[in-house]
Structures are given as structure tokens and as C-alpha cells.
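*Asks:* Below: one structure in C-alpha cells.
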Amino acid sequence: MSHDGQGPVADTPILLLKTKSTPNDGYEEKFSTTNGPVRFDPCFVPVLEHRFLQEGLTVVRDLLQEKEIAKAPESKYGGMIFTSQRAVEAFAKLVEEEKGGESWPHLQDIPIYTVGPATSRALRSIPQTPPLNIFGDETGNGEALAHYMLMHYGNWYQDRKIKPPLLFLVGEQRRDIIPKTLMDPALSDGQRIQVDELVVYGTGVMESFEEDFKNALKATYNRDTRWVVVFSPTGCEAMLRSLDILDPGTGKVRPKKTEKGGPRTYIATIGPTTRDYLRNNFEYEPDVCAEKPSPEGIEDGIRKFLYN
């Protein structure tokens, strides 16, 4: 790429603090094909280590085999919720291992709720005849999804005075906005929806993250600018420490954010939860907070920052 006739300009490194999704990663696709005055060079630095928890998955397997997640009045659950790609991966692995015939996993007549396009895409790849009924992917966040479910699930089971419970597959660390909203005591008995959370995976910071991130910073030291995209509060402290902007005495960011020498490093967060975590715990104000938790949301935020 050339810029103002000055010859080729190096792509701007964008360090994505996440595990690269398979088989396709929307962030790699978005930032590898970006057009415009600024082009990006995406690099993944995994932060979180996920492990599937067999105890929770065994409960799900038993429910599916016994057809307890179905529209029938006697079924235990009338629908499912996924807000994490890792929960979908755990569920998909279970479904693949069992292979209980064409109608397996027997979820033809229930709604499955999800938030965001990545989680929705992962769910749609799970084979079932007919396909899974997936709703809510356009809502964008847990709070919006919860309000959507109150209306949609209420209509799905409008013939029942008390709505059947929803099964919510989660990780060890999660926000409680969906159960709180759906089980709000202020709702009438006919509106309120019981949500049972079932932990199917655990999460922690990878031991190698800090060293891996420092290596990525060294590899991009000769650039004028670079971006770091943060996807969750986990690993934030190690990130700030690696950037050498964290005061070990106070545990807060030093007043001056700009590094001495080297490139200018900009920070973008996937949404307000991570932004507020950086603000409240480290007194750090990220440069960008995506309005939507998606590759497009991150790109839009960065471009607005650069050109406004």
C-alpha cells in the first residue's frame, strides 16, 4: 500500500488478547482485509485457558438423552441460553461425541438464545435435522438479550401460565444480568422465567500470557503505532505490567501513559465491562470502547478515534 506517494506504509500491528477461534476467526478476517488509510496486521495473544468441566457436561448429556429439554409440558426445560463461545464449544463437543441419530440432540421444538454473531455462528454449525432454532444474536449484549427473551420466550409459551425454566450453560466466571432480569421479583408470575445456570467450563489466565505478550510487544517495537484489543478483565493487570505503565507501589497506572521511546500503544476494549474494570481498578482510561462487542464494533471505534 502507498500513502501520499511516499511508497509503502507498514500495516499497523493490532494485538488481539484472545485465543484465535476455529475454523474461522471474525477478528482475523476483519483486520486482515481492512481497506482505507490505515491497514492492520492482526496478531493473537491468548490470555485465557479454558477447560471443559465433565460434571456439568454429564448433566447436559443426561438431559438430552432423556429429552428433558423440549416443548412437552412434562419436560424439565423449555429452552437454552448461550452467551459464550466456549460454552457452545463444550456443548458441540458433547453433541458430536454422542451422535444419537438424525434428530439428536432432540432440540427441534425449543428456542435457543444467544448473544452476538460469533456465538450464533458456532451454534449454527451444530448438526440437527431440522436445524436448531436460534434467536437473539442481533441483541449484542446480555441485558438486551434478557429483555428480548422476556418477550420472545413469553410468546413461545403463551399458552402456559408459568413459563418452563431455561437452561443457561456458563463458565465459572460470568455476569448475572440474565438470571437477575428474567427472575426479577417485580415481574408477574406469568412473565417471570426461572433460569438454571450450569457450569460447563472453567477459565484462568494462561501461565505463558505475560511472556507471550512481552514478546509480541518486542516484535512490534519498530512500528510508529500499535493497538491492543482487550476482551475481558482477565489478564488486564498483566497487560498493563507488560506495557510498563503500572506503578508497583500503588497498583495504579502511572500518570503518563505514553511509553518512553518505541511506538505509541493504543488500547481498545470489547465493551463497557472491561473498560470499567480498567478505570476502577487501575485508573486507566482506554482509548476506545467498542459500542458493539464484535469485529465491526472494534474497527468502528478505532476509526472514529483516528479520524475525529
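Identifiers in the C-alpha cells: chain A, B, ... in order shown; residue index from 1 per chain; ligand index from 1 in order shown.
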If we count only C-alpha atoms, what is near Leu217 (chain A) at a cut-off of 10 Å, once residues fewer than 2 positions away on the same chain are taken out, given as a VMD selection string?
*Replies:* chain A and resid 13 15 211 to 215 219 to 222 226 228 242 to 243 262 to 263 265
*Asks:* Using the chain letters and numbers from this document, which residues of region 152-238 of chain A does DSSP assign to helix (DSSP H, G or I), as a list in words?
*Replies:*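 These are the residues in question: His152, Tyr153, Gly154, Asn155, Trp156, Ile177, Ile178, Pro179, Lys180, Thr181, Leu182, Phe209, Glu210, Glu211, Asp212, Phe213, Lys214, Asn215, Ala216, Leu217, Lys218, Ala219, Cys236, Glu237 and Ala238 of chain A.
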*Asks:* Identify, on the basis of only C-alpha atoms, every residue whose closest approach to Glu138 (chain A) does not exceed 12 Å; exclude the query and any residue fewer than 3 positions from it along the same chain; express the result as an MDAnalysis selection string.
*Replies:* chainID A and resid 113:121 134:135 141:142 144:145 148 292:294
*Asks:* Identify which of the residues A:Pro233, A:Pro105, A:Gly171, A:Gly202 lies closest to Ile126 (chain A), counting only C-alpha atoms when measuring atom-to-atom distances.
*Replies:*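 Checking each of A:Pro233, A:Pro105, A:Gly171, A:Gly202 against Ile126 (chain A), counting only C-alpha atoms, the winner is A:Pro105.
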*Asks:* Find the distance between CA of Pro37 (chain A) and CA of Arg303 (chain A) and write it in Å to one decimal.
*Replies:*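 Distance between the two atoms: 9.9 Å.
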*Asks:* Nearest to Ala216 (chain A): which of A:Met239, A:Glu299, A:Asp137, A:Val230 is it, counting only C-alpha atoms?
*Replies:*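 Among the listed residues, A:Met239 lies closest to Ala216 (chain A).
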*Asks:* Go ahead and compute the interatomic distance for CA of Leu306 (chain A) and CA of Tyr284 (chain A), in Å to one decimal.
*Replies:* 19.4 Å
*Asks:* Using only C-alpha atoms, which residues sit within 12 Å of Asp196 (chain A) once same-chain residues fewer than 4 positions away are excluded, as a PDB file with N, CA and C atoms, in the first residue's frame?
*Replies:*
ATOM      1  N   VAL A  60     -25.818 -32.218  31.257  1.00  0.00           N
ATOM      2  CA  VAL A  60     -26.406 -31.840  29.962  1.00  0.00           C
ATOM      3  C   VAL A  60     -26.673 -33.089  29.120  1.00  0.00           C
ATOM      4  N   LYS A  76     -38.236 -30.823  31.664  1.00  0.00           N
ATOM      5  CA  LYS A  76     -37.644 -30.013  32.733  1.00  0.00           C
ATOM      6  C   LYS A  76     -37.342 -28.595  32.260  1.00  0.00           C
ATOM      7  N   TYR A  77     -36.893 -28.455  31.006  1.00  0.00           N
ATOM      8  CA  TYR A  77     -36.526 -27.141  30.453  1.00  0.00           C
ATOM      9  C   TYR A  77     -37.222 -26.920  29.115  1.00  0.00           C
ATOM     10  N   GLY A  78     -37.538 -25.646  28.844  1.00  0.00           N
ATOM     11  CA  GLY A  78     -38.198 -25.302  27.592  1.00  0.00           C
ATOM     12  C   GLY A  78     -37.326 -24.555  26.619  1.00  0.00           C
ATOM     13  N   GLY A  79     -36.057 -24.342  26.973  1.00  0.00           N
ATOM     14  CA  GLY A  79     -35.141 -23.636  26.089  1.00  0.00           C
ATOM     15  C   GLY A  79     -33.754 -23.574  26.695  1.00  0.00           C
ATOM     16  N   MET A  80     -32.792 -23.048  25.904  1.00  0.00           N
ATOM     17  CA  MET A  80     -31.404 -22.961  26.361  1.00  0.00           C
ATOM     18  C   MET A  80     -30.853 -21.573  26.057  1.00  0.00           C
ATOM     19  N   ILE A  81     -29.820 -21.180  26.824  1.00  0.00           N
ATOM     20  CA  ILE A  81     -29.145 -19.888  26.628  1.00  0.00           C
ATOM     21  C   ILE A  81     -27.643 -20.123  26.512  1.00  0.00           C
ATOM     22  N   PRO A 164     -41.846 -22.508  31.324  1.00  0.00           N
ATOM     23  CA  PRO A 164     -40.866 -23.530  31.724  1.00  0.00           C
ATOM     24  C   PRO A 164     -39.486 -22.904  31.930  1.00  0.00           C
ATOM     25  N   PRO A 165     -38.678 -23.470  32.813  1.00  0.00           N
ATOM     26  CA  PRO A 165     -37.340 -22.905  33.061  1.00  0.00           C
ATOM     27  C   PRO A 165     -36.441 -22.963  31.822  1.00  0.00           C
ATOM     28  N   LEU A 166     -35.434 -22.083  31.827  1.00  0.00           N
ATOM     29  CA  LEU A 166     -34.397 -22.064  30.791  1.00  0.00           C
ATOM     30  C   LEU A 166     -33.099 -22.606  31.365  1.00  0.00           C
ATOM     31  N   LEU A 167     -32.364 -23.370  30.562  1.00  0.00           N
ATOM     32  CA  LEU A 167     -31.051 -23.881  30.969  1.00  0.00           C
ATOM     33  C   LEU A 167     -29.978 -22.985  30.361  1.00  0.00           C
ATOM     34  N   PHE A 168     -29.112 -22.427  31.202  1.00  0.00           N
ATOM     35  CA  PHE A 168     -28.088 -21.466  30.798  1.00  0.00           C
ATOM     36  C   PHE A 168     -26.717 -22.108  31.021  1.00  0.00           C
ATOM     37  N   LEU A 169     -26.014 -22.465  29.925  1.00  0.00           N
ATOM     38  CA  LEU A 169     -24.679 -23.067  30.038  1.00  0.00           C
ATOM     39  C   LEU A 169     -23.643 -21.953  30.162  1.00  0.00           C
ATOM     40  N   VAL A 170     -22.870 -21.993  31.251  1.00  0.00           N
ATOM     41  CA  VAL A 170     -21.984 -20.871  31.581  1.00  0.00           C
ATOM     42  C   VAL A 170     -20.589 -21.357  31.957  1.00  0.00           C
ATOM     43  N   ASP A 176     -24.297 -11.869  36.030  1.00  0.00           N
ATOM     44  CA  ASP A 176     -25.592 -12.456  36.402  1.00  0.00           C
ATOM     45  C   ASP A 176     -26.770 -11.639  35.887  1.00  0.00           C
ATOM     46  N   ILE A 178     -28.543 -11.770  33.149  1.00  0.00           N
ATOM     47  CA  ILE A 178     -29.650 -12.511  32.519  1.00  0.00           C
ATOM     48  C   ILE A 178     -30.542 -13.171  33.581  1.00  0.00           C
ATOM     49  N   PRO A 179     -29.995 -13.969  34.513  1.00  0.00           N
ATOM     50  CA  PRO A 179     -30.863 -14.544  35.561  1.00  0.00           C
ATOM     51  C   PRO A 179     -31.577 -13.468  36.385  1.00  0.00           C
ATOM     52  N   LYS A 180     -30.877 -12.379  36.729  1.00  0.00           N
ATOM     53  CA  LYS A 180     -31.492 -11.318  37.541  1.00  0.00           C
ATOM     54  C   LYS A 180     -32.684 -10.694  36.817  1.00  0.00           C
ATOM     55  N   LEU A 182     -34.501 -11.981  34.223  1.00  0.00           N
ATOM     56  CA  LEU A 182     -35.601 -12.908  33.948  1.00  0.00           C
ATOM     57  C   LEU A 182     -36.315 -13.373  35.215  1.00  0.00           C
ATOM     58  N   MET A 183     -35.604 -13.349  36.337  1.00  0.00           N
ATOM     59  CA  MET A 183     -36.203 -13.815  37.599  1.00  0.00           C
ATOM     60  C   MET A 183     -36.520 -12.653  38.544  1.00  0.00           C
TER      61      MET A 183
END
*Asks:* Can you pull out the residues contacting Gln65 (chain A)? Cut-off 10 Å, using only C-alpha atoms, and skip same-chain residues under 6 positions away; I want them as a short mmCIF file (atom, residue, chain, number, x, y, z; two decimals) with C-alpha atoms, in the first residue's frame.
*Replies:*
data_model
loop_
_atom_site.label_atom_id
_atom_site.label_comp_id
_atom_site.auth_asym_id
_atom_site.auth_seq_id
_atom_site.Cartn_x
_atom_site.Cartn_y
_atom_site.Cartn_z
CA GLU A 98 -22.85 -38.91 21.30
CA GLY A 100 -27.56 -40.14 18.62
CA TRP A 104 -30.07 -35.85 18.03
CA PRO A 105 -29.73 -33.73 20.23
CA HIS A 106 -33.59 -33.63 20.18
#
*Asks:* Using DSSP on the backbone coordinates, identify the residues of region 137-241 of chain A assigned to strand (DSSP E or B); present them as a list in words.
*Replies:*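 Across region 137-241 of chain A, those assigned strand (DSSP E or B) are Leu166, Leu167, Phe168, Leu169, Val170, Gly171, Val195, Asp196, Glu197, Leu198, Val199, Val200, Tyr201, Gly202, Thr203, Gly204, Val205, Thr225, Arg226, Trp227, Val228, Val229 and Val230 of chain A.
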*Asks:* Suppose we keep C-alpha atoms; can you now write the selection as a compact mmCIF listing (two decimals), in the first residue's frame?
*Replies:*
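The file below, selection.txt, is the result:
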# COMPACT_ATOMS: atom_id res chain seq x y z
CA LEU A 166 -34.40 -22.06 30.79
CA LEU A 167 -31.05 -23.88 30.97
CA PHE A 168 -28.09 -21.47 30.80
CA LEU A 169 -24.68 -23.07 30.04
CA VAL A 170 -21.98 -20.87 31.58
CA GLY A 171 -18.35 -20.64 32.66
CA VAL A 195 -33.08 -19.66 34.83
CA ASP A 196 -30.84 -22.54 35.95
CA GLU A 197 -27.13 -21.93 35.38
CA LEU A 198 -24.96 -24.95 34.70
CA VAL A 199 -21.16 -24.53 34.69
CA VAL A 200 -19.61 -26.43 31.77
CA TYR A 201 -16.17 -24.80 31.52
CA GLY A 202 -13.60 -23.06 33.69
CA THR A 203 -11.32 -20.14 32.88
CA GLY A 204 -7.99 -18.81 34.13
CA VAL A 205 -5.03 -16.72 32.93
CA THR A 225 1.86 2.88 16.45
CA ARG A 226 0.17 -0.31 17.54
CA TRP A 227 -3.18 -1.30 19.01
CA VAL A 228 -4.02 -3.74 21.79
CA VAL A 229 -7.58 -5.09 21.97
CA VAL A 230 -8.71 -6.37 25.39
*Asks:* In Å to one decimal, how far is CA of Asp159 (chain A) from CA of Gln194 (chain A)?
*Replies:*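 CA of Gln194 (chain A) sits 16.8 Å away from CA of Asp159 (chain A).
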*Asks:* Which of these residues is nearest to Leu16 (chain A), using only C-alpha atoms: A:Gln128, A:Ala238, A:Ser232, A:Ser84?
*Replies:*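 Checking each candidate against Leu16 (chain A), we get A:Ser232 as the closest.
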*Asks:* Of the residues A:Asp247, A:Glu89, A:Glu207, A:Glu74, which is the one nearest to Phe52 (chain A), using only C-alpha atoms?
*Replies:*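 The closest residue to Phe52 (chain A) is A:Glu89.
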*Asks:* Which is closer to Lys252 (chain A) than all the others in A:Cys236, A:Pro127, A:Arg192, A:Arg86, using only C-alpha atoms?
*Replies:*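 Using only C-alpha atoms, the shortest distance to Lys252 (chain A) belongs to A:Cys236.
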*Asks:* Return the single residue from A:Leu132, A:Ala268, A:Leu57, A:Ile14 that is closest to Phe44 (chain A), with distances computed using only C-alpha atoms.
*Replies:*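 Among the listed residues, the smallest separation from Phe44 (chain A) belongs to A:Ile14.
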*Asks:* Can you pull out every residue within 9 Å of region 156-158 of chain A, counting only C-alpha atoms, but drop anything in the same chain fewer than 5 positions away, and send it as a ChimeraX atom specification?
*Replies:* /A:71,78,110-111,151,163-164
